[in-house]
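So this one's input.csv, CSV, C-alpha atoms:
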chain,number,residue,atom,x,y,z
A,455,MET,CA,20.6,-5.4,29.3
A,456,GLU,CA,18.0,-7.1,31.6
A,457,MET,CA,15.3,-4.9,30.2
A,458,TRP,CA,16.5,-5.7,26.7
A,459,ARG,CA,16.4,-9.5,27.3
A,460,ASP,CA,12.9,-9.3,28.8
A,461,LEU,CA,11.5,-7.3,25.8
A,462,ALA,CA,13.4,-9.2,23.1
A,463,PRO,CA,11.1,-12.3,22.8
A,464,ILE,CA,7.9,-10.3,22.4
A,465,GLY,CA,6.5,-10.5,18.9
A,466,ARG,CA,9.5,-12.2,17.4
A,467,ASN,CA,8.9,-14.6,14.5
A,468,ASN,CA,10.8,-17.8,14.9
A,469,ASP,CA,11.2,-18.3,11.1
A,470,THR,CA,12.4,-14.9,10.0
A,471,ARG,CA,13.9,-13.8,13.4
A,472,GLY,CA,12.2,-10.5,12.7
A,473,TYR,CA,9.5,-8.7,14.8
A,474,ARG,CA,5.8,-8.4,14.1
A,475,ARG,CA,4.6,-6.1,16.8
A,476,TYR,CA,1.5,-4.6,15.1
A,477,ALA,CA,-0.9,-2.1,16.7
A,478,TRP,CA,-3.6,-3.5,18.9
A,479,THR,CA,-2.5,-7.1,18.6
A,480,ALA,CA,-1.4,-9.6,21.3
A,481,ALA,CA,2.2,-8.7,20.8
A,482,ASP,CA,1.3,-5.0,21.2
A,483,ALA,CA,-0.5,-5.8,24.4
A,484,ASP,CA,2.5,-7.7,25.7
A,485,CYS,CA,4.8,-4.7,24.9
A,486,ARG,CA,2.4,-2.4,26.7
A,487,ALA,CA,2.3,-4.7,29.7
A,488,TRP,CA,6.1,-4.6,29.7
A,489,PHE,CA,6.1,-0.8,29.6
A,490,LYS,CA,3.6,-0.5,32.5
A,491,ALA,CA,5.7,-3.0,34.6
A,492,GLN,CA,8.9,-0.9,34.0
A,493,ALA,CA,7.1,2.2,35.1
A,494,GLU,CA,5.6,0.7,38.2
A,495,THR,CA,8.9,-0.9,39.2
A,496,ARG,CA,10.5,2.5,39.3
A,497,GLY,CA,7.6,4.1,41.2
A,498,LEU,CA,6.4,6.2,38.3
A,499,ALA,CA,2.8,7.3,37.8
A,500,TYR,CA,1.5,5.3,34.9
A,501,GLU,CA,-1.3,6.4,32.5
A,502,GLN,CA,-2.5,5.7,29.0
A,503,ASP,CA,-3.9,8.7,27.1
A,504,ARG,CA,-7.0,8.8,25.0
A,505,ASN,CA,-5.1,7.8,21.8
A,506,GLY,CA,-3.4,4.7,23.3
A,507,ASN,CA,0.0,6.3,24.0
A,508,GLN,CA,1.6,5.3,27.3
A,509,TRP,CA,3.1,7.7,29.8
A,510,ALA,CA,5.2,7.2,32.9
A,511,TRP,CA,5.6,10.3,35.1
A,512,LEU,CA,8.2,11.4,37.7
A,513,GLY,CA,6.8,14.5,39.3
A,514,ASP,CA,3.5,16.3,38.9
A,515,PRO,CA,2.8,16.9,35.2
A,516,ARG,CA,0.3,19.6,36.0
A,517,THR,CA,3.2,21.9,36.9
A,518,GLY,CA,4.1,22.1,33.2
A,519,GLY,CA,7.4,22.4,31.4
A,520,ALA,CA,8.0,18.6,31.6
A,521,VAL,CA,10.9,17.0,29.9
A,522,VAL,CA,9.7,13.9,28.0
A,523,THR,CA,11.7,11.1,26.4
A,524,GLY,CA,10.8,7.8,24.8
A,525,SER,CA,9.9,6.3,21.4
A,526,HIS,CA,7.7,3.4,20.3
A,527,LEU,CA,7.6,-0.4,20.7
A,528,ASP,CA,5.8,-1.5,17.5
A,529,SER,CA,7.5,-2.7,14.4
A,530,VAL,CA,7.4,-3.0,10.7
A,531,PRO,CA,6.7,-6.5,9.3
A,532,ASP,CA,9.8,-8.6,10.2
A,533,GLY,CA,11.6,-5.5,11.5
A,534,GLY,CA,14.6,-5.3,13.7
A,535,ALA,CA,15.0,-5.2,17.4
A,536,PHE,CA,16.3,-1.6,17.8
A,537,ASP,CA,14.0,0.6,15.8
A,538,GLY,CA,11.8,2.2,18.5
A,539,PRO,CA,12.5,-0.1,21.5
A,540,LEU,CA,16.0,1.2,21.9
A,541,GLY,CA,14.6,4.6,22.7
A,542,VAL,CA,12.1,3.3,25.3
A,543,VAL,CA,14.6,1.0,27.0
A,544,SER,CA,17.2,3.8,27.0
A,545,ALA,CA,14.8,6.2,28.5
A,546,PHE,CA,14.2,3.9,31.5
A,547,ALA,CA,17.9,3.2,31.7
A,548,ALA,CA,18.7,6.9,31.6
A,549,LEU,CA,16.4,7.5,34.5
A,550,ASP,CA,18.1,4.8,36.4
A,551,GLU,CA,21.5,6.5,35.7
A,552,LEU,CA,20.2,9.8,36.9
A,553,ARG,CA,19.0,8.3,40.1
A,554,ARG,CA,22.4,6.6,40.6
A,555,ARG,CA,24.0,10.1,40.2
A,556,GLY,CA,21.6,11.5,42.8
A,557,ALA,CA,20.2,14.0,40.4
A,558,GLU,CA,17.6,16.4,41.8
A,559,PHE,CA,14.8,17.1,39.3
A,560,THR,CA,13.4,20.6,39.1
A,561,ARG,CA,11.0,19.8,36.3
A,562,PRO,CA,8.6,16.8,35.7
A,563,LEU,CA,10.0,14.0,33.7
A,564,ALA,CA,8.0,11.5,31.6
A,565,ILE,CA,8.8,8.4,29.5
A,566,THR,CA,6.5,7.6,26.6
A,567,ASN,CA,5.6,4.8,24.3
A,568,PHE,CA,3.7,6.2,21.3
A,569,GLY,CA,1.3,3.8,19.7
A,570,ASP,CA,1.3,2.6,16.1
A,571,GLU,CA,4.4,4.5,15.0
A,572,GLU,CA,5.3,2.3,12.1
A,573,GLY,CA,1.9,2.1,10.5
A,574,ALA,CA,2.5,-1.6,9.8
A,575,ARG,CA,-1.2,-2.6,10.3
A,576,PHE,CA,-3.3,0.4,9.1
A,577,GLY,CA,-0.9,1.9,6.5
A,578,LEU,CA,-0.4,5.2,8.2
A,579,ALA,CA,2.7,6.0,10.3
A,580,CYS,CA,2.7,7.7,13.7
A,581,VAL,CA,-1.0,7.3,14.4
A,582,GLY,CA,-0.7,7.8,18.1
A,583,SER,CA,1.3,11.0,17.9
A,584,ARG,CA,-0.7,12.3,14.9
A,585,LEU,CA,-3.9,12.0,16.8
A,586,THR,CA,-2.5,13.7,19.8
A,587,ALA,CA,-1.1,16.6,17.8
A,588,GLY,CA,-4.3,17.0,15.8
A,589,HIS,CA,-2.7,16.0,12.5
A,590,LEU,CA,-5.2,13.1,12.1
A,591,THR,CA,-8.9,13.6,12.7
A,592,ARG,CA,-11.2,11.1,14.3
A,593,GLU,CA,-13.0,10.7,11.0
A,594,GLN,CA,-9.7,10.0,9.2
A,595,ALA,CA,-8.7,7.5,11.9
A,596,TYR,CA,-12.0,5.7,11.8
A,597,ALA,CA,-11.6,5.2,8.1
A,598,LEU,CA,-8.3,3.3,8.5
A,599,THR,CA,-8.5,-0.4,7.9
A,600,ASP,CA,-6.0,-3.3,8.0
A,601,ALA,CA,-5.5,-6.0,5.3
A,602,ASP,CA,-8.4,-8.0,6.7
A,603,GLY,CA,-10.8,-5.1,6.6
A,604,ILE,CA,-10.8,-4.5,10.3
A,605,THR,CA,-11.1,-0.8,11.1
A,606,LEU,CA,-8.9,1.0,13.6
A,607,PRO,CA,-11.8,1.6,16.1
A,608,ARG,CA,-12.8,-2.1,15.9
A,609,ALA,CA,-9.2,-3.2,16.6
A,610,MET,CA,-9.1,-0.9,19.6
A,611,GLU,CA,-12.3,-2.2,20.9
A,612,ARG,CA,-11.1,-5.8,20.6
A,613,ALA,CA,-8.0,-4.8,22.5
A,614,GLY,CA,-10.2,-3.4,25.3
A,615,TYR,CA,-9.9,0.3,24.6
A,616,ASP,CA,-12.5,3.0,23.8
A,617,PRO,CA,-12.1,4.4,20.3
A,618,GLU,CA,-14.7,7.1,21.1
A,619,ALA,CA,-12.1,9.0,23.1
A,620,ILE,CA,-9.5,9.4,20.4
A,621,GLY,CA,-8.6,12.9,19.1
A,622,PRO,CA,-6.4,15.9,19.7
A,623,ASP,CA,-4.9,16.3,23.2
A,624,PRO,CA,-3.7,19.9,23.5
A,625,GLU,CA,-3.9,19.9,27.3
A,626,ARG,CA,-1.5,17.0,27.5
A,627,LEU,CA,0.9,18.6,25.0
A,628,ALA,CA,0.7,21.9,26.9
A,629,ARG,CA,2.5,20.1,29.9
A,630,VAL,CA,5.5,19.3,27.7
A,631,GLY,CA,8.4,21.7,27.7
A,632,ALA,CA,10.7,19.5,25.5
A,633,PHE,CA,10.6,16.1,23.9
A,634,VAL,CA,13.8,14.2,23.2
A,635,GLU,CA,13.7,10.9,21.3
A,636,LEU,CA,16.6,8.5,21.2
A,637,HIS,CA,16.7,6.2,18.1
A,638,VAL,CA,19.0,3.9,16.4
A,639,GLU,CA,20.4,5.5,13.3
A,640,GLN,CA,18.8,4.2,10.1
A,641,GLY,CA,21.8,4.7,8.0
A,642,ARG,CA,25.6,4.7,8.2
A,643,ALA,CA,26.5,8.3,8.8
A,644,LEU,CA,27.8,7.7,12.4
A,645,ASP,CA,29.6,4.5,11.4
A,646,LEU,CA,31.4,6.4,8.6
A,647,SER,CA,32.3,9.3,10.9
A,648,GLY,CA,33.3,7.0,13.8
A,649,ASP,CA,30.9,8.5,16.3
A,650,ALA,CA,28.8,6.5,18.8
A,651,VAL,CA,26.1,9.2,19.1
A,652,GLY,CA,24.8,12.0,17.0
A,653,ILE,CA,22.1,14.8,17.1
A,654,ALA,CA,19.4,15.1,14.5
A,655,SER,CA,19.1,18.3,12.5
A,656,ALA,CA,16.0,17.7,10.5
A,657,ILE,CA,13.7,15.0,9.0
A,658,TRP,CA,13.4,15.0,5.2
A,659,PRO,CA,10.0,15.6,3.7
A,660,HIS,CA,8.4,12.2,2.9
A,661,GLY,CA,5.2,10.6,1.9
A,662,ARG,CA,3.4,7.5,0.6
A,663,TRP,CA,1.5,7.2,-2.7
A,664,ARG,CA,-0.7,4.4,-3.9
A,665,PHE,CA,-0.7,3.6,-7.7
A,666,ASP,CA,-3.6,1.6,-9.0
A,667,PHE,CA,-3.0,0.0,-12.4
A,668,ARG,CA,-6.3,-1.5,-13.8
A,669,GLY,CA,-6.3,-3.9,-16.7
A,670,GLU,CA,-8.2,-7.0,-17.7
A,671,ALA,CA,-8.0,-10.4,-16.1
A,672,ASN,CA,-7.6,-13.3,-18.5
A,673,HIS,CA,-6.1,-16.7,-18.9
A,674,ALA,CA,-2.3,-16.8,-18.8
A,675,GLY,CA,-2.0,-19.7,-21.1
A,676,THR,CA,-4.5,-19.0,-23.8
A,677,THR,CA,-4.5,-15.2,-24.3
A,678,ARG,CA,-2.2,-13.9,-27.0
A,679,LEU,CA,0.4,-11.4,-25.9
A,680,ALA,CA,-1.0,-8.9,-28.4
A,681,ASP,CA,-4.5,-9.2,-26.9
A,682,ARG,CA,-3.5,-8.7,-23.3
A,683,ARG,CA,-4.2,-5.7,-21.0
A,684,ASP,CA,-1.7,-6.7,-18.3
A,685,PRO,CA,-1.3,-4.0,-15.6
A,686,MET,CA,1.8,-5.8,-14.3
A,687,LEU,CA,3.8,-4.5,-17.2
A,688,PRO,CA,3.4,-0.7,-16.7
A,689,TYR,CA,3.8,-1.3,-12.9
A,690,ALA,CA,7.1,-3.0,-13.4
A,691,GLN,CA,8.3,-0.2,-15.7
A,692,THR,CA,7.2,2.4,-13.2
A,693,VAL,CA,9.3,0.7,-10.5
A,694,LEU,CA,12.3,1.0,-12.6
A,695,ALA,CA,11.5,4.6,-13.5
A,696,ALA,CA,11.1,5.4,-9.8
A,697,ARG,CA,14.7,4.3,-9.2
A,698,GLU,CA,16.0,6.4,-12.0
A,699,GLU,CA,14.0,9.5,-11.2
A,700,ALA,CA,15.1,9.3,-7.6
A,701,ARG,CA,18.8,9.0,-8.6
A,702,LEU,CA,18.5,12.1,-10.9
A,703,ALA,CA,16.9,14.2,-8.1
A,704,GLY,CA,19.2,13.0,-5.3
A,705,ALA,CA,16.2,11.5,-3.5
A,706,VAL,CA,15.0,8.0,-2.6
A,707,ALA,CA,12.0,6.2,-4.0
A,708,THR,CA,10.8,2.7,-3.1
A,709,PHE,CA,7.9,0.5,-4.2
A,710,GLY,CA,8.0,-1.9,-1.2
A,711,LYS,CA,4.4,-3.2,-1.1
A,712,ILE,CA,2.2,-4.6,-3.8
A,713,ALA,CA,-1.2,-6.2,-4.0
A,714,VAL,CA,-2.4,-8.1,-7.1
A,715,GLU,CA,-5.9,-9.3,-8.2
A,716,PRO,CA,-6.9,-12.0,-8.7
A,717,ASN,CA,-3.3,-13.1,-7.7
A,718,GLY,CA,-3.3,-16.4,-9.5
A,719,VAL,CA,-0.2,-18.0,-11.0
A,720,ASN,CA,-2.1,-18.8,-14.2
A,721,ALA,CA,-4.1,-15.5,-14.4
A,722,ILE,CA,-3.3,-12.2,-16.0
A,723,PRO,CA,-4.0,-9.6,-13.3
A,724,SER,CA,-6.9,-7.2,-13.4
A,725,LEU,CA,-5.4,-4.9,-10.8
A,726,VAL,CA,-1.9,-4.2,-9.6
A,727,ARG,CA,-1.7,-1.9,-6.7
A,728,GLY,CA,1.7,-0.6,-5.6
A,729,TRP,CA,2.7,1.7,-2.8
A,730,LEU,CA,5.5,4.2,-3.3
A,731,ASP,CA,7.5,5.6,-0.5
A,732,SER,CA,9.6,8.6,-1.5
A,733,ARG,CA,11.8,11.0,0.5
A,734,ALA,CA,14.2,13.8,-0.3
A,735,ALA,CA,16.4,16.4,1.5
A,736,ASP,CA,14.1,19.2,0.4
A,737,GLN,CA,10.5,19.7,-0.9
A,738,ASP,CA,11.5,20.6,-4.4
A,739,ALA,CA,13.5,17.4,-5.0
A,740,LEU,CA,10.6,15.3,-3.6
A,741,ASP,CA,8.1,17.1,-5.8
A,742,ARG,CA,10.2,16.6,-8.9
A,743,THR,CA,10.7,12.9,-8.1
A,744,VAL,CA,7.0,12.0,-7.5
A,745,THR,CA,5.8,14.1,-10.4
A,746,ALA,CA,8.3,12.4,-12.7
A,747,ILE,CA,7.3,8.9,-11.5
A,748,GLU,CA,3.6,9.7,-12.0
A,749,LYS,CA,4.3,11.0,-15.5
A,750,ALA,CA,6.2,7.8,-16.3
A,751,ALA,CA,3.4,5.6,-14.9
A,752,ARG,CA,0.7,7.3,-17.0
A,753,GLU,CA,2.8,7.0,-20.2
A,754,TYR,CA,3.5,3.3,-19.6
A,755,ALA,CA,-0.1,2.6,-18.7
A,756,GLU,CA,-1.4,4.3,-21.9
A,757,ALA,CA,1.1,2.3,-24.0
A,758,HIS,CA,-0.4,-0.9,-22.6
A,759,GLY,CA,-4.0,0.2,-22.6
A,760,ILE,CA,-4.1,0.3,-18.8
A,761,ASP,CA,-5.9,2.8,-16.5
A,762,VAL,CA,-3.9,4.2,-13.7
A,763,SER,CA,-4.8,6.4,-10.7
A,764,LEU,CA,-2.6,7.9,-8.0
A,765,THR,CA,-3.7,8.5,-4.4
A,766,ARG,CA,-1.5,10.3,-1.8
A,767,GLU,CA,-2.1,8.4,1.4
A,768,SER,CA,0.2,10.3,3.7
A,769,PHE,CA,2.7,13.2,3.7
A,770,THR,CA,5.0,14.9,6.2
A,771,PRO,CA,6.7,18.1,5.3
A,772,VAL,CA,10.3,18.8,6.2
A,773,VAL,CA,10.8,19.0,10.0
A,774,ASP,CA,13.6,21.2,11.3
A,775,PHE,CA,14.1,20.3,15.0
A,776,ASP,CA,14.0,23.1,17.5
A,777,HIS,CA,17.3,25.0,17.0
A,778,ALA,CA,17.5,26.2,20.6
A,779,LEU,CA,16.9,22.7,22.0
A,780,ARG,CA,19.3,21.2,19.5
A,781,ASP,CA,22.0,23.7,20.4
A,782,GLU,CA,21.5,23.2,24.1
A,783,MET,CA,21.9,19.4,23.7
A,784,ALA,CA,25.1,20.0,21.8
A,785,ARG,CA,26.4,22.3,24.5
A,786,ILE,CA,25.5,19.7,27.2
A,787,LEU,CA,27.2,16.8,25.4
A,788,GLY,CA,30.2,18.9,24.6
A,789,THR,CA,31.0,20.0,28.1
A,790,GLY,CA,33.3,18.0,30.4
A,791,ASN,CA,33.6,14.9,28.3
A,792,GLU,CA,35.1,13.7,25.0
A,793,LEU,CA,31.9,12.7,23.3
A,794,LYS,CA,31.6,14.2,19.8
A,795,VAL,CA,28.1,15.0,18.7
A,796,PRO,CA,27.9,15.4,14.9
A,797,VAL,CA,24.6,16.9,13.6
A,798,LEU,CA,23.0,15.0,10.8
A,799,GLY,CA,19.7,14.8,8.9
A,800,THR,CA,17.6,11.8,8.3
A,801,GLY,CA,15.1,10.4,5.8
A,802,ALA,CA,13.2,8.4,8.4
A,803,GLY,CA,10.0,9.7,10.0
A,804,HIS,CA,9.5,9.7,13.8
A,805,ASP,CA,7.1,10.7,16.5
A,806,ALA,CA,9.5,13.6,17.3
A,807,GLY,CA,8.9,14.9,13.9
A,808,ILE,CA,5.1,14.8,14.3
A,809,LEU,CA,5.2,16.6,17.7
A,810,ALA,CA,7.6,19.3,16.4
A,811,SER,CA,4.8,21.5,15.4
A,812,SER,CA,3.4,21.5,19.0
A,813,VAL,CA,6.4,21.3,21.3
A,814,PRO,CA,10.2,21.7,21.1
A,815,THR,CA,11.6,18.4,20.0
A,816,ALA,CA,15.0,16.9,19.3
A,817,MET,CA,16.6,13.5,18.6
A,818,LEU,CA,19.7,11.6,19.5
A,819,PHE,CA,20.9,8.8,17.2
A,820,VAL,CA,22.9,5.8,18.2
A,821,ARG,CA,25.4,4.3,15.7
A,822,ASN,CA,24.2,1.4,13.5
A,823,PRO,CA,27.3,-0.3,12.2
A,824,THR,CA,25.7,-1.7,9.0
A,825,GLY,CA,23.1,1.0,8.4
A,826,VAL,CA,20.5,-1.7,7.9
A,827,SER,CA,17.1,-1.0,9.4
A,828,HIS,CA,13.5,-2.3,9.0
A,829,SER,CA,15.2,-5.8,8.8
A,830,PRO,CA,16.2,-8.5,11.3
A,831,ALA,CA,19.8,-7.6,10.5
A,832,GLU,CA,19.4,-4.2,12.2
A,833,SER,CA,22.0,-3.9,14.9
A,834,ALA,CA,23.8,-1.7,17.4
A,835,ALA,CA,26.8,-2.6,19.6
A,836,GLU,CA,26.3,-2.8,23.4
A,837,ASP,CA,28.9,-0.2,24.0
A,838,ASP,CA,27.2,2.2,21.6
A,839,CYS,CA,23.8,1.6,23.2
A,840,LEU,CA,25.3,2.4,26.6
A,841,ALA,CA,26.9,5.5,25.2
A,842,GLY,CA,23.5,6.5,24.0
A,843,VAL,CA,22.0,6.0,27.5
A,844,VAL,CA,24.7,8.1,29.1
A,845,ALA,CA,24.2,10.8,26.5
A,846,LEU,CA,20.5,10.8,27.0
A,847,ALA,CA,21.0,10.9,30.8
A,848,ASP,CA,23.3,13.9,30.4
A,849,VAL,CA,20.7,15.7,28.2
A,850,LEU,CA,17.9,15.0,30.6
A,851,GLU,CA,20.0,16.1,33.6
A,852,GLY,CA,20.8,19.3,31.8
A,853,LEU,CA,17.2,20.0,30.9
A,854,ALA,CA,15.2,18.7,33.9
A,855,CYS,CA,17.7,19.2,36.8
A,856,THR,CA,18.7,22.8,36.4
As structure tokens, what does this structure read like?
Amino acid sequence: MEMWRDLAPIGRNNDTRGYRRYAWTAADADCRAWFKAQAETRGLAYEQDRNGNQWAWLGDPRTGGAVVTGSHLDSVPDGGAFDGPLGVVSAFAALDELRRRGAEFTRPLAITNFGDEEGARFGLACVGSRLTAGHLTREQAYALTDADGITLPRAMERAGYDPEAIGPDPERLARVGAFVELHVEQGRALDLSGDAVGIASAIWPHGRWRFDFRGEANHAGTTRLADRRDPMLPYAQTVLAAREEARLAGAVATFGKIAVEPNGVNAIPSLVRGWLDSRAADQDALDRTVTAIEKAAREYAEAHGIDVSLTRESFTPVVDFDHALRDEMARILGTGNELKVPVLGTGAGHDAGILASSVPTAMLFVRNPTGVSHSPAESAAEDDCLAGVVALADVLEGLACT
């Protein structure tokens, strides 16, 4: 709780009470300083890798087979306190618990903070882990820009880091025997089942698509309705179509970000750019949903004399977490205690999902009583958070102390 209180003020907006911890900003630097201080306080060997991810080591990582845990400290715009930070705070707390138990480590242990997980600034999620795993090339990373036109390498330089070093890091990943990420649940499955902690089975396939509707700017007060080429109309119809197509496919689809030009109250837009986030339990359902939304967008655009284009900005296929690791965690948590550990899927992306192609990964979820996430209303009860710490400590002890 002391760690939580120290971290809580960083990047918090006084008006919304939400968090704005964006990559390579002052708030991000303060979070990184907090992580480094926690590592050094515990006598851990601290390092920052070539992609800006932070590591705190107990034992010699060169021996290999390390057990790694952690999450991220950045946030979505006006996000909640728990998404990401709960996993990092719990990792340090779990180490404290293991030391209290007198656990003897037979494998190296590391705690991590992966950079730019939420993608709030540059529009791509999990940049730090994607670079490390080789899912994002240096050229692709260099092309990323924020809303002010600042490129990722320029932002890194301003924050005092060398962007020339970024890229795949197979040597580091080769040290890792297992990665376990604890995260607040972003849904209500645990609340509905009455369980404090759960184990993840898989991450749904998901992606982000940009729709550009191009029309003709004109005067809002003098242009007849019949003479308008207003891109806002097909965009609005596409938003409604997305909701219906997702419902039919058993998926989810959200237009959560929009940019309008010239963005004047008394001007008909020339461009409406909307970003679609869509996810589904399987690839076929996701493909059907996005294809249907694109078809609707083109039909509505044609009816209004509007040009429309679609760009897929990111995509992550379904991730089945390592079955052996998942089963071992269930065995550990089901032995000698009364903790139930339901296994559940999730529609949210995580660094654990990105790393799953390179190392065995697994996730623990902590109950979220409202299911609200990516909002200041995100919450978790103290007792549930502590139950998560104990569960994580049990898992780490079973994996790194045997």
**Request:** Pick out the residues sitting within 8 Å of range 486-502 of chain A, and hand them over as a ChimeraX atom specification; count all atoms listed in the file, and ignore anything fewer than 5 positions along from it in its own chain.
**Result:** /A:461,507-512,546,567
**Request:** Find the residues with any atom within 12 Å of (13.8, 9.2, -5.9); use only C-alpha atoms and the coordinates as given in the file, and write the answer as a ChimeraX atom specification.
**Result:** /A:660-661,692-709,730-736,738-748,801
**Message:** Which residue is closest to Leu549 in chain A? Choose from A:Glu715, A:Glu571, A:Glu851, A:Asp649 and count all atoms listed in the file.
**Reply:**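 Of A:Glu715, A:Glu571, A:Glu851, A:Asp649, the one nearest Leu549 in chain A, counting all atoms listed in the file, is A:Glu851.
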**A:Val726, A:Leu787, A:Ala481, A:Ala806 ranked by distance to Lys711 in chain A, top pick (using all atoms listed in the file)** =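 Between A:Val726, A:Leu787, A:Ala481, A:Ala806, the residue approaching Lys711 in chain A most closely is A:Val726.
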**Message:** One number please: CA of Glu767 in chain A to CA of Tyr615 in chain A, in Å, one decimal.
**Reply:** 25.8 Å
**Asked** A:Leu598, A:Ala609, A:Ala564, A:Ile786: which is nearest Tyr476 in chain A, counting only C-alpha atoms?
**Response**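 Counting only C-alpha atoms, the residue closest to Tyr476 in chain A is A:Ala609.
The shortest atom-to-atom distance to Leu846 in chain A, with only C-alpha atoms taken into account, belongs to A:Ala548 out of A:Val522, A:Ala750, A:Ala548, A:Ala480.
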**Request:** With all atoms listed in the file counted, which protein, DNA or RNA residues have an atom no more than 8 Å from (27.3, 7.3, 18.4) in the file frame? Please answer as a list of chain:residue names.
**Result:** A:Leu644, A:Asp645, A:Gly648, A:Asp649, A:Ala650, A:Val651, A:Gly652, A:Val795, A:Phe819, A:Val820, A:Arg821, A:Asp838, A:Ala841, A:Gly842
**Request:** Using all atoms listed in the file, determine which residues lie at most 10 Å from Arg466 in chain A, disregarding the query and same-chain residues fewer than 5 positions distant; provide the list as a ChimeraX atom specification.
**Result:** /A:461,471-475,481,532-535,830
**Asked** Which value, in Å to one decimal, gives the distance between CA of Gly577 in chain A and CA of Leu540 in chain A?
**Response**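 So the two atoms, CA of Gly577 in chain A and CA of Leu540 in chain A, lie 22.9 Å apart.
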**Prompt:** Hey, what's within 6 Å of Pro622 in chain A if we count all atoms listed in the file and toss same-chain stuff fewer than 4 positions away? As a PyMOL selection string, please?
**Reply:** chain A and resi 585-588
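Between Arg626 in chain A and the residues A:Val719, A:Leu850, A:Leu809, A:Leu687, the shortest atom-to-atom distance, using all atoms listed in the file, involves A:Leu809.
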**Prompt:** For Glu670 in chain A, which residue among A:Asp460, A:Asp503, A:Asp684, A:Glu611 is the nearest when counting all atoms listed in the file?
**Reply:**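 Smallest separation from Glu670 in chain A among the options: A:Asp684.
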